[in-house]
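J.: Compact mmCIF, C-alpha atoms, file final_10.txt:
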```
# COMPACT_ATOMS: atom_id res chain seq x y z
CA MET Q 15 110.40 175.66 35.82
CA ARG Q 16 106.88 176.98 35.79
CA ASP Q 17 106.12 180.19 37.65
CA PHE Q 18 104.23 180.23 40.90
CA LEU Q 19 100.57 180.97 40.16
CA GLU Q 20 101.14 180.56 36.42
CA ILE Q 21 97.67 179.08 36.51
CA GLY Q 22 96.52 182.65 37.01
CA GLY Q 23 98.84 184.05 34.36
CA VAL Q 24 100.56 187.35 35.02
CA GLY Q 25 97.70 188.45 37.27
CA GLY Q 26 98.71 186.29 40.24
CA PRO Q 27 102.17 187.78 40.84
CA ILE Q 28 100.90 191.31 40.16
CA LEU Q 29 98.07 190.88 42.68
CA PHE Q 30 100.55 189.75 45.32
CA LEU Q 31 102.92 192.57 44.46
CA LEU Q 32 100.21 195.24 44.76
CA SER Q 33 98.96 193.71 48.02
CA GLY Q 34 102.47 193.73 49.46
CA LEU Q 35 103.04 197.30 48.35
CA TYR Q 36 99.76 198.40 49.92
CA LEU Q 37 100.64 196.76 53.25
CA THR Q 38 104.16 198.18 53.10
CA PHE Q 39 102.89 201.75 52.81
CA ALA Q 40 99.89 201.25 55.13
CA THR Q 41 102.05 199.88 57.96
CA GLY Q 42 104.66 202.61 57.62
CA PHE Q 43 107.27 200.34 55.99
CA ILE Q 44 107.01 197.77 58.74
CA GLN Q 45 109.82 195.63 57.30
CA PHE Q 46 112.34 198.47 57.73
CA ARG Q 47 110.85 200.21 60.76
CA ARG Q 48 110.64 197.06 62.88
CA PHE Q 49 113.59 195.09 61.50
CA PRO Q 50 115.71 195.56 64.67
CA ALA Q 51 112.72 194.47 66.77
CA ALA Q 52 112.39 191.40 64.54
CA ILE Q 53 115.96 190.42 65.36
CA ARG Q 54 115.21 190.81 69.08
CA ALA Q 55 111.97 188.82 68.75
CA LEU Q 56 113.95 185.97 67.20
CA PHE Q 57 115.51 185.31 70.59
CA THR Q 58 112.27 185.35 72.61
CA LYS Q 59 112.35 182.35 74.90
CA SER Q 60 109.51 180.09 75.96
CA GLU Q 61 109.25 177.00 78.11
CA PRO Q 62 108.83 173.73 76.19
CA SER Q 63 105.35 173.30 77.68
CA ASP Q 64 104.33 176.62 76.18
CA GLY Q 65 104.93 175.43 72.63
CA LEU Q 66 107.39 176.74 70.06
CA SER Q 67 109.48 179.86 70.53
CA PRO Q 68 109.16 182.42 67.70
CA GLY Q 69 112.73 181.63 66.65
CA ARG Q 70 112.10 177.89 66.35
CA ALA Q 71 108.87 178.56 64.46
CA LEU Q 72 110.84 180.74 62.05
CA PHE Q 73 113.33 177.95 61.35
CA ILE Q 74 110.58 175.37 60.79
CA SER Q 75 108.92 177.83 58.42
CA LEU Q 76 112.23 178.30 56.59
CA GLY Q 77 112.59 174.53 56.34
CA ALA Q 78 109.18 174.37 54.70
CA VAL Q 79 109.81 177.12 52.12
CA MET Q 80 113.49 176.49 51.37
CA GLY Q 81 112.80 173.76 48.84
CA PRO Q 82 114.11 172.93 45.38
CA GLY Q 83 112.84 176.29 44.14
CA ASN Q 84 115.74 177.94 45.96
CA LEU Q 85 118.10 176.32 43.45
CA VAL Q 86 116.12 175.12 40.42
CA GLY Q 87 113.58 177.94 40.51
CA VAL Q 88 116.20 180.69 40.85
CA ALA Q 89 118.11 179.35 37.84
CA ALA Q 90 114.88 179.15 35.83
CA ALA Q 91 114.02 182.76 36.71
CA VAL Q 92 117.40 183.94 35.43
CA ALA Q 93 117.24 181.73 32.33
CA TYR Q 94 113.75 182.86 31.28
CA GLY Q 95 113.69 186.37 32.74
CA GLY Q 96 117.31 187.43 32.25
CA PRO Q 97 119.67 188.90 34.86
CA GLY Q 98 117.13 191.57 35.80
CA ALA Q 99 114.94 188.88 37.36
CA VAL Q 100 117.37 188.76 40.29
CA PHE Q 101 116.62 192.39 41.21
CA TRP Q 102 112.88 191.79 41.14
CA MET Q 103 113.48 188.71 43.28
CA TRP Q 104 115.07 191.00 45.88
CA PHE Q 105 112.16 193.38 45.55
CA SER Q 106 109.51 190.68 45.98
CA GLY Q 107 111.34 189.39 49.05
CA VAL Q 108 111.28 192.82 50.71
CA ILE Q 109 107.63 193.39 49.78
CA GLY Q 110 106.80 189.86 50.93
CA MET Q 111 108.01 190.73 54.41
CA ALA Q 112 104.97 192.98 54.87
CA LEU Q 113 102.64 190.18 53.73
CA ARG Q 114 104.30 187.72 56.08
CA TYR Q 115 103.97 190.19 58.98
CA ALA Q 116 100.28 190.66 58.20
CA GLU Q 117 99.30 186.99 57.96
CA THR Q 118 101.32 185.95 61.01
CA ALA Q 119 100.13 188.83 63.22
CA LEU Q 120 96.50 188.09 62.33
CA ALA Q 121 96.96 184.38 63.01
CA ALA Q 122 98.63 185.17 66.35
CA LYS Q 123 95.72 187.41 67.30
CA TYR Q 124 93.10 184.74 66.61
CA ARG Q 125 95.38 181.85 67.72
CA ASP Q 126 94.27 179.34 65.09
CA GLY Q 127 96.11 179.97 61.83
CA MET Q 128 94.48 181.53 58.77
CA GLY Q 129 91.50 179.22 59.12
CA GLY Q 130 90.80 180.80 62.49
CA VAL Q 131 91.28 184.25 60.99
CA MET Q 132 88.60 183.47 58.41
CA ARG Q 133 86.20 181.92 60.94
CA ARG Q 134 86.49 184.51 63.70
CA GLY Q 135 87.86 187.57 61.98
CA LEU Q 136 85.70 187.38 58.84
CA ASN Q 137 82.91 185.18 60.20
CA ALA Q 138 83.30 183.03 57.10
CA PRO Q 139 83.35 179.35 58.20
CA GLY Q 140 82.73 178.12 54.65
CA LEU Q 141 85.77 179.96 53.34
CA ALA Q 142 87.81 178.62 56.27
CA ARG Q 143 86.81 175.02 55.45
CA PHE Q 144 87.76 175.54 51.82
CA PHE Q 145 91.10 177.05 52.81
CA VAL Q 146 92.16 174.31 55.25
CA THR Q 147 91.17 171.63 52.74
CA ALA Q 148 93.25 173.38 50.08
CA GLY Q 149 96.11 173.57 52.61
CA ALA Q 150 96.02 169.82 53.24
CA VAL Q 151 95.98 169.15 49.48
CA THR Q 152 98.87 171.60 48.94
CA SER Q 153 100.97 169.82 51.56
CA LEU Q 154 100.60 166.63 49.53
CA LEU Q 155 100.91 167.99 46.00
CA MET Q 156 103.37 170.87 46.39
CA ALA Q 157 105.59 170.07 49.36
CA ASP Q 158 105.53 166.28 49.12
CA LEU Q 159 104.91 165.19 45.52
CA THR Q 160 106.51 168.03 43.51
CA SER Q 161 109.61 168.37 45.68
CA SER Q 162 110.19 164.61 45.53
CA GLY Q 163 109.74 164.60 41.75
CA VAL Q 164 112.18 167.46 41.20
CA LEU Q 165 114.81 165.71 43.32
CA ALA Q 166 114.28 162.36 41.60
CA ARG Q 167 114.63 163.85 38.10
CA SER Q 168 117.69 165.89 39.09
CA LEU Q 169 119.55 162.91 40.55
CA GLU Q 170 118.61 160.82 37.53
CA SER Q 171 119.90 163.51 35.16
CA HIS Q 172 123.21 164.21 36.91
CA PHE Q 173 124.11 160.88 38.55
CA SER Q 174 121.85 158.29 36.83
CA VAL Q 175 120.13 157.41 40.11
CA PRO Q 176 116.85 155.55 39.43
CA PRO Q 177 113.93 157.84 40.39
CA LEU Q 178 112.13 155.04 42.24
CA LEU Q 179 115.20 154.52 44.42
CA THR Q 180 115.36 158.25 45.23
CA VAL Q 181 111.74 158.54 46.31
CA PHE Q 182 111.87 155.24 48.22
CA LEU Q 183 114.84 156.42 50.27
CA LEU Q 184 113.22 159.83 50.80
CA SER Q 185 110.06 158.20 52.15
CA LEU Q 186 112.10 155.80 54.27
CA PHE Q 187 114.08 158.58 55.97
CA THR Q 188 110.92 160.64 56.43
CA ILE Q 189 109.08 157.95 58.41
CA PRO Q 190 110.92 158.26 61.77
CA VAL Q 191 110.61 162.06 61.76
CA ILE Q 192 106.91 162.18 60.90
CA LEU Q 193 106.04 159.40 63.35
CA GLY Q 194 107.94 161.32 66.02
CA GLY Q 195 105.36 164.09 65.73
CA ARG Q 196 105.77 167.83 65.90
CA GLU Q 197 108.35 167.64 68.66
CA ARG Q 198 110.76 165.68 66.46
CA ILE Q 199 110.13 168.00 63.50
CA ALA Q 200 110.80 170.99 65.76
CA ALA Q 201 114.10 169.39 66.81
CA ILE Q 202 115.38 168.33 63.36
CA SER Q 203 114.11 171.04 60.98
CA PRO Q 204 116.00 173.99 62.57
CA PHE Q 205 119.22 171.96 62.53
CA LEU Q 206 118.77 171.13 58.83
CA VAL Q 207 118.02 174.76 57.95
CA ALA Q 208 121.08 175.99 59.82
CA LEU Q 209 123.29 173.37 58.14
CA ILE Q 210 121.98 174.11 54.63
CA THR Q 211 122.25 177.87 55.07
CA ALA Q 212 125.74 177.78 56.54
CA LEU Q 213 127.17 175.45 53.88
CA TYR Q 214 125.58 177.23 50.94
CA LEU Q 215 126.27 180.79 52.07
CA VAL Q 216 129.89 180.10 53.03
CA LEU Q 217 130.85 178.38 49.76
CA SER Q 218 128.84 180.86 47.68
CA SER Q 219 130.41 183.86 49.41
CA LEU Q 220 133.88 182.40 48.83
CA ILE Q 221 133.15 182.33 45.09
CA LEU Q 222 132.27 186.04 45.17
CA PHE Q 223 135.45 186.84 47.09
CA ARG Q 224 137.58 184.77 44.72
CA ALA Q 225 136.10 186.44 41.64
CA PRO Q 226 135.23 190.02 42.67
CA ASP Q 227 135.38 191.34 39.10
CA GLU Q 228 132.93 188.71 37.85
CA ALA Q 229 130.65 189.39 40.81
CA ARG Q 230 130.72 193.14 40.13
CA MET Q 231 129.94 192.58 36.44
CA ALA Q 232 127.07 190.27 37.36
CA LEU Q 233 125.60 192.91 39.69
CA GLN Q 234 125.93 195.55 36.99
CA SER Q 235 124.18 193.25 34.54
CA ILE Q 236 121.36 192.63 37.03
CA LEU Q 237 120.75 196.33 37.67
CA HIS Q 238 121.11 197.29 34.01
CA ASP Q 239 118.69 194.60 32.84
CA ALA Q 240 116.18 195.50 35.55
CA PHE Q 241 115.91 199.18 34.60
CA SER Q 242 117.39 199.78 31.16
CA PHE Q 243 115.35 201.49 28.46
CA ARG Q 244 116.54 198.91 25.94
CA ALA Q 245 115.21 196.09 28.13
CA ALA Q 246 111.85 197.84 28.37
CA VAL Q 247 111.64 198.37 24.61
CA PHE Q 248 112.72 194.89 23.54
CA GLY Q 249 110.61 193.06 26.11
CA THR Q 250 113.17 191.63 28.51
CA LEU Q 251 112.13 193.96 31.34
CA PRO Q 252 108.56 192.59 31.58
CA ALA Q 253 109.98 189.04 31.52
CA ALA Q 254 112.49 189.90 34.23
CA LEU Q 255 109.82 191.54 36.37
CA ARG Q 256 107.37 188.65 35.95
CA HIS Q 257 109.82 185.80 36.54
CA GLY Q 258 111.66 187.56 39.37
CA ILE Q 259 108.53 188.47 41.30
CA ALA Q 260 106.90 185.09 40.65
CA LYS Q 261 110.03 183.28 41.81
CA GLY Q 262 110.21 185.39 44.97
CA ILE Q 263 106.57 184.64 45.82
CA TYR Q 264 107.00 180.93 45.07
CA SER Q 265 110.11 180.78 47.22
CA ASN Q 266 108.94 182.51 50.39
CA GLU Q 267 105.22 181.56 50.19
CA CYS Q 268 104.23 184.92 51.67
CA GLY Q 269 100.51 185.44 51.87
CA ILE Q 270 99.40 181.87 51.15
CA GLY Q 271 98.70 181.12 54.82
CA SER Q 272 101.05 178.19 55.51
CA GLU Q 273 103.44 179.90 57.93
CA PRO Q 274 100.65 181.03 60.33
CA GLU Q 275 99.86 177.36 61.01
CA ILE Q 276 103.37 177.03 62.43
CA SER Q 277 103.24 180.32 64.33
CA ALA Q 278 99.93 179.27 65.89
CA ALA Q 279 101.93 176.71 67.90
CA CYS Q 280 103.86 179.52 69.62
CA PRO Q 281 102.85 180.71 73.09
CA ALA Q 282 100.47 183.66 73.35
CA ILE Q 283 103.01 186.44 72.90
CA PRO Q 284 101.84 189.78 71.43
CA PRO Q 285 100.76 189.33 67.80
CA ALA Q 286 102.94 192.21 66.62
CA ARG Q 287 106.06 190.60 68.06
CA GLN Q 288 105.26 187.27 66.46
CA GLY Q 289 104.70 188.97 63.11
CA GLU Q 290 107.99 190.81 63.43
CA CYS Q 291 109.91 187.60 63.94
CA ALA Q 292 108.12 185.79 61.11
CA MET Q 293 108.90 188.52 58.56
CA LEU Q 294 112.58 187.58 58.82
CA GLY Q 295 111.68 184.45 56.84
CA PRO Q 296 111.27 186.13 53.43
CA PHE Q 297 114.37 188.20 54.11
CA LEU Q 298 116.56 185.17 54.78
CA ASP Q 299 114.99 182.94 52.16
CA THR Q 300 114.60 185.33 49.21
CA VAL Q 301 116.68 188.46 49.82
CA VAL Q 302 119.71 186.49 51.05
CA PHE Q 303 119.61 182.85 49.93
CA CYS Q 304 117.83 183.07 46.57
CA SER Q 305 119.39 186.36 45.52
CA LEU Q 306 122.90 185.09 46.18
CA GLY Q 307 122.12 182.09 44.00
CA GLY Q 308 120.81 184.45 41.33
CA VAL Q 309 124.11 186.36 41.22
CA LEU Q 310 125.98 183.05 40.84
CA CYS Q 311 123.63 182.00 38.02
CA VAL Q 312 124.43 185.21 36.14
CA MET Q 313 128.15 184.61 36.73
CA SER Q 314 127.91 181.08 35.32
CA GLY Q 315 127.42 182.25 31.73
CA GLU Q 316 125.18 179.22 31.09
CA SER Q 317 121.82 179.46 29.35
CA ALA Q 318 120.32 176.14 30.49
CA PRO Q 319 118.91 176.54 34.02
CA GLU Q 320 119.87 173.02 35.09
CA ARG Q 321 123.52 173.80 34.30
CA MET Q 322 123.90 177.24 35.89
CA LEU Q 323 124.69 176.52 39.54
CA PRO Q 324 126.51 173.19 38.96
CA ALA Q 325 128.71 174.91 36.34
CA VAL Q 326 129.75 177.85 38.49
CA PHE Q 327 130.39 175.68 41.55
CA GLU Q 328 132.31 173.12 39.50
CA ARG Q 329 134.48 175.90 38.06
CA PHE Q 330 135.51 177.15 41.48
CA TYR Q 331 135.41 173.78 43.26
CA PRO Q 332 136.56 171.20 40.65
CA HIS Q 333 135.33 167.62 41.10
CA PHE Q 334 133.18 168.76 44.02
CA GLY Q 335 130.92 171.63 42.94
CA ALA Q 336 128.23 169.66 41.10
CA PHE Q 337 128.10 167.07 43.88
CA PHE Q 338 127.76 169.89 46.45
CA ILE Q 339 124.77 171.43 44.64
CA GLU Q 340 123.01 168.07 44.43
CA SER Q 341 123.72 167.47 48.13
CA ILE Q 342 122.18 170.84 49.01
CA LEU Q 343 119.18 169.96 46.84
CA ILE Q 344 118.73 166.68 48.72
CA LEU Q 345 118.84 168.46 52.08
CA LEU Q 346 116.45 171.18 50.87
CA VAL Q 347 113.88 168.65 49.67
CA TYR Q 348 114.17 166.60 52.86
CA ALA Q 349 113.75 169.75 54.98
CA THR Q 350 110.71 170.76 52.92
CA VAL Q 351 109.02 167.37 53.20
CA ILE Q 352 109.42 167.02 56.98
CA SER Q 353 108.80 170.71 57.77
CA TRP Q 354 105.66 171.05 55.64
CA TYR Q 355 104.10 168.18 57.54
CA PHE Q 356 103.84 170.56 60.52
CA PRO Q 357 101.27 172.90 58.90
CA GLY Q 358 99.89 170.05 56.79
CA GLU Q 359 98.81 168.15 59.90
CA SER Q 360 97.06 171.27 61.23
CA PHE Q 361 95.22 171.71 57.94
CA ALA Q 362 94.25 168.03 57.85
CA ARG Q 363 92.99 168.09 61.45
CA SER Q 364 90.77 171.10 60.70
CA ALA Q 365 89.59 169.76 57.34
CA PHE Q 366 89.09 166.03 58.06
CA GLY Q 367 88.98 165.72 61.85
CA GLU Q 368 91.29 164.15 64.43
CA THR Q 369 90.16 160.60 63.69
CA ASN Q 370 91.36 160.81 60.07
CA LEU Q 371 94.87 162.03 60.89
CA PRO Q 372 96.42 158.51 60.66
CA LEU Q 373 95.08 158.24 57.10
CA TYR Q 374 96.53 161.64 56.20
CA ARG Q 375 99.87 160.69 57.78
CA ALA Q 376 100.01 157.46 55.77
CA GLY Q 377 99.17 159.37 52.59
CA TYR Q 378 101.90 161.92 53.31
CA LEU Q 379 104.51 159.19 53.77
CA LEU Q 380 103.47 157.33 50.60
CA THR Q 381 102.93 160.31 48.26
CA PRO Q 382 106.61 160.69 47.19
CA LEU Q 383 106.51 157.15 45.76
CA PHE Q 384 104.15 158.35 43.02
CA ALA Q 385 106.36 161.25 41.86
CA PRO Q 386 108.36 159.32 39.20
CA PHE Q 387 105.13 158.47 37.37
CA PHE Q 388 104.39 162.14 36.56
CA SER Q 389 106.21 164.50 34.23
CA LEU Q 390 107.74 167.65 35.70
CA ASP Q 391 105.18 169.76 33.83
CA ALA Q 392 102.35 167.79 35.42
CA LEU Q 393 103.93 168.13 38.86
CA TYR Q 394 104.32 171.89 38.44
CA LEU Q 395 100.70 172.14 37.31
CA PHE Q 396 99.53 170.31 40.44
CA CYS Q 397 101.73 172.60 42.51
CA ASP Q 398 100.46 175.80 40.89
CA ALA Q 399 96.81 174.80 41.12
CA SER Q 400 96.95 173.76 44.78
CA ILE Q 401 98.84 176.88 45.86
CA ALA Q 402 96.44 179.12 43.95
CA LEU Q 403 93.44 177.53 45.70
CA MET Q 404 95.11 178.22 49.02
CA ALA Q 405 96.61 181.62 48.28
CA PHE Q 406 93.68 183.65 47.02
CA PRO Q 407 91.38 183.04 50.05
CA SER Q 408 94.31 183.81 52.34
CA LEU Q 409 95.16 187.01 50.52
CA ALA Q 410 91.50 188.08 50.55
CA ALA Q 411 91.36 187.60 54.33
CA ILE Q 412 94.57 189.59 54.82
CA LEU Q 413 93.31 192.51 52.74
CA LEU Q 414 89.83 192.55 54.30
CA LEU Q 415 91.39 192.60 57.78
CA SER Q 416 94.19 194.99 56.84
CA PRO Q 417 92.84 197.71 59.21
CA GLU Q 418 93.59 195.32 62.09
CA VAL Q 419 97.07 194.70 60.68
CA ILE Q 420 97.71 198.44 60.53
CA ARG Q 421 96.60 198.92 64.13
CA LEU Q 422 98.80 196.03 65.26
CA SER Q 423 101.80 197.39 63.39
CA PHE Q 424 101.65 200.73 65.21
CA ARG Q 425 100.33 199.67 68.62
CA GLY Q 426 102.42 196.49 68.86
CA ALA Q 427 102.33 194.78 72.23
CA GLY Q 428 99.39 196.88 73.34
CA CYS Q 429 97.02 194.65 71.41
CA GLY Q 430 95.49 191.63 73.03
CA SER Q 431 95.10 188.16 71.62
CA HIS Q 432 92.48 185.46 71.64
CA ARG Q 433 93.32 182.05 73.00
CA ARG Q 434 92.99 179.05 70.74
CA ARG Q 435 89.62 177.40 71.19
```
Rewrite the structure of this file - the entire thing - as structure tokens.

T.:
Amino acid sequence: MRDFLEIGGVGGPILFLLSGLYLTFATGFIQFRRFPAAIRALFTKSEPSDGLSPGRALFISLGAVMGPGNLVGVAAAVAYGGPGAVFWMWFSGVIGMALRYAETALAAKYRDGMGGVMRRGLNAPGLARFFVTAGAVTSLLMADLTSSGVLARSLESHFSVPPLLTVFLLSLFTIPVILGGRERIAAISPFLVALITALYLVLSSLILFRAPDEARMALQSILHDAFSFRAAVFGTLPAALRHGIAKGIYSNECGIGSEPEISAACPAIPPARQGECAMLGPFLDTVVFCSLGGVLCVMSGESAPERMLPAVFERFYPHFGAFFIESILILLVYATVISWYFPGESFARSAFGETNLPLYRAGYLLTPLFAPFFSLDALYLFCDASIALMAFPSLAAILLLSPEVIRLSFRGAGCGSHRRR
């Protein structure tokens, strides 16, 4: 699987890494210092008329980012970057928490997603228009088209399911959720995320408990490969660092500006509190979910990424493991497609106007049907290009407004917020 921002070569992941490190230090290690507050913010309640609660927004955000990359992408990172990639996946998840805090707190302050941050915070309406247009395109190409294509090819490879049948059924089951609007997405997406997480974490943890020696050896291999002098000399360390960090960024989408569109639907609670709750997303998605999968990939002993997780699950759960992984992949793709419509609709409304939303909605429902006609390489190229167009303006806005982020991180609830206009 191609790396996130491979279109920008190694520079993309490094830029995100340095930005996350800068925000981590500048905010006084916000992800550690305010982690207990983030847990408390998760349970902040709001009346239905006030919009989403921070906790529900977090679960919709997780539904959007917990896509096929959480399985296929993790295996690819281990296959091409070696066991050490898992450590750098952990690292990028922790660093990404600071980026997620920054983008969400800024969006909460200006009450209109990253587009509003660019219009009001930077006074750059042209950049905002470019960003929301890129966001609408990304919802179609990355969340909708690429996810559908990965699922279709996987089911064809493992169970000989015709790709056209896969994408047809995916579109068919998506229709009632999308037509039900944001309220139905907000009701279904958290349930799907909870189901996926519970099933995957329970069965994965049981494997670690059943094979503690293998798990310990896998962890030793991860740490050794991430830091060993031999790995640095023979070139596996740079590969591990690149693939691990790129996979972490691709998985949690920190800094690209999609999650703030969801958080903007929350009531006007203090921006710092909203940012604290949102930064749990990268922790749960990358530090917990993806990293656990990475350990299992190392334990599998397989070299082909498409065989890693099915092999280890099949070994511990005969005649069920491979089917379980494909079932989780189906749920992940479905959660991604319905959840990403939430920010996608906001981007489309800002980019094309309210009157064109029915056209965007129809395009979103029909896009998966085109996935079988593209190769995986083409789909990943579309994905990389669209995310890059969205990510770099978002990251520029975060860095330019980082003094505001720093003030919010230390003053917290004392900062005011602007109402959505």

J.: If you take every atom of segment 142-148 of chain Q that the file lists and fit an axis-aligned box around them with 6 Å extra on each side, what centre and edge lengths come out in Å to one decimal, as lines of an AutoDock Vina configuration file?

T.:
```
center_x = 90.0
center_y = 175.1
center_z = 53.2
size_x = 18.4
size_y = 19.0
size_z = 18.2
```

J.: Quick one: residues within 9 Å of segment 149-154 of chain Q, only C-alpha atoms counted, chain neighbours fewer than 6 positions away excluded, as number ranges by chain?

T.: Q: 160, 271-272, 351, 354-355, 357-363, 365, 374, 377-378, 381-382, 396-397, 399-401, 403-404

J.: Excluding Ser75 of chain Q and any residue of its chain fewer than 2 positions from it, enumerate the residues within 12 Å of it, using only C-alpha atoms, and give them as a PyMOL selection string.

T.: chain Q and resi 66+68-73+77-81+114+118+199-200+203-204+206-207+265-268+271-279+291-296+298-299+349-357

J.: For atom CA of Trp102 of chain Q and atom CA of Leu390 of chain Q, quote the distance in Å rounded to one decimal.

T.: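 That distance, rounded to one decimal, is 25.3 Å.
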
J.: Using all atoms listed in the file, which of the listed residues (Q:Phe297, Q:Ile270, Q:Met156, Q:Leu371) sits closest to Leu395 of chain Q?

T.: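 Checking each of Q:Phe297, Q:Ile270, Q:Met156, Q:Leu371 against Leu395 of chain Q, counting all atoms listed in the file, the winner is Q:Met156.
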
J.: Q:Glu368, Q:Glu290, Q:Asp391, Q:Glu320: which is nearest Pro50 of chain Q, counting all atoms listed in the file?

T.: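 For Pro50 of chain Q, the nearest of the given residues is Q:Glu290.
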
J.: Atom CA of Ala286 of chain Q and atom CA of Phe424 of chain Q, how far apart in Å?

T.: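 It comes out at 8.7 Å.
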
J.: Taking only C-alpha atoms into account, name the residue in Q:Leu222, Q:Leu178, Q:Leu346, Q:Val100 that is nearest to Phe330 of chain Q.

T.: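 With only C-alpha atoms as the atom set, the closest residue is Q:Leu222.
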
J.: What is the atom CA of Gly127 of chain Q to atom CA of Met111 of chain Q distance in Å?

T.: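 The value is 17.7 Å.
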
J.: Out of Q:Phe144, Q:Phe338, Q:Trp104, Q:Tyr124, which residue has the shortest atom-to-atom distance to Leu213 of chain Q when counting all atoms listed in the file?

T.: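 So, comparing all the options, the nearest one is Q:Phe338.
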
J.: Would you mind telling me which residue in Q:Gly335, Q:Pro190, Q:Gly135, Q:Gly308 lies nearest to Gly98 of chain Q when using all atoms listed in the file?

T.: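 Among the listed residues, the smallest separation from Gly98 of chain Q belongs to Q:Gly308.
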
J.: With distances taken over only C-alpha atoms, which residue among Q:Val86, Q:Ala240, Q:Leu409, Q:Ile74 lies nearest Ala99 of chain Q?

T.: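 The answer is Q:Ala240, which sits nearest to Ala99 of chain Q.
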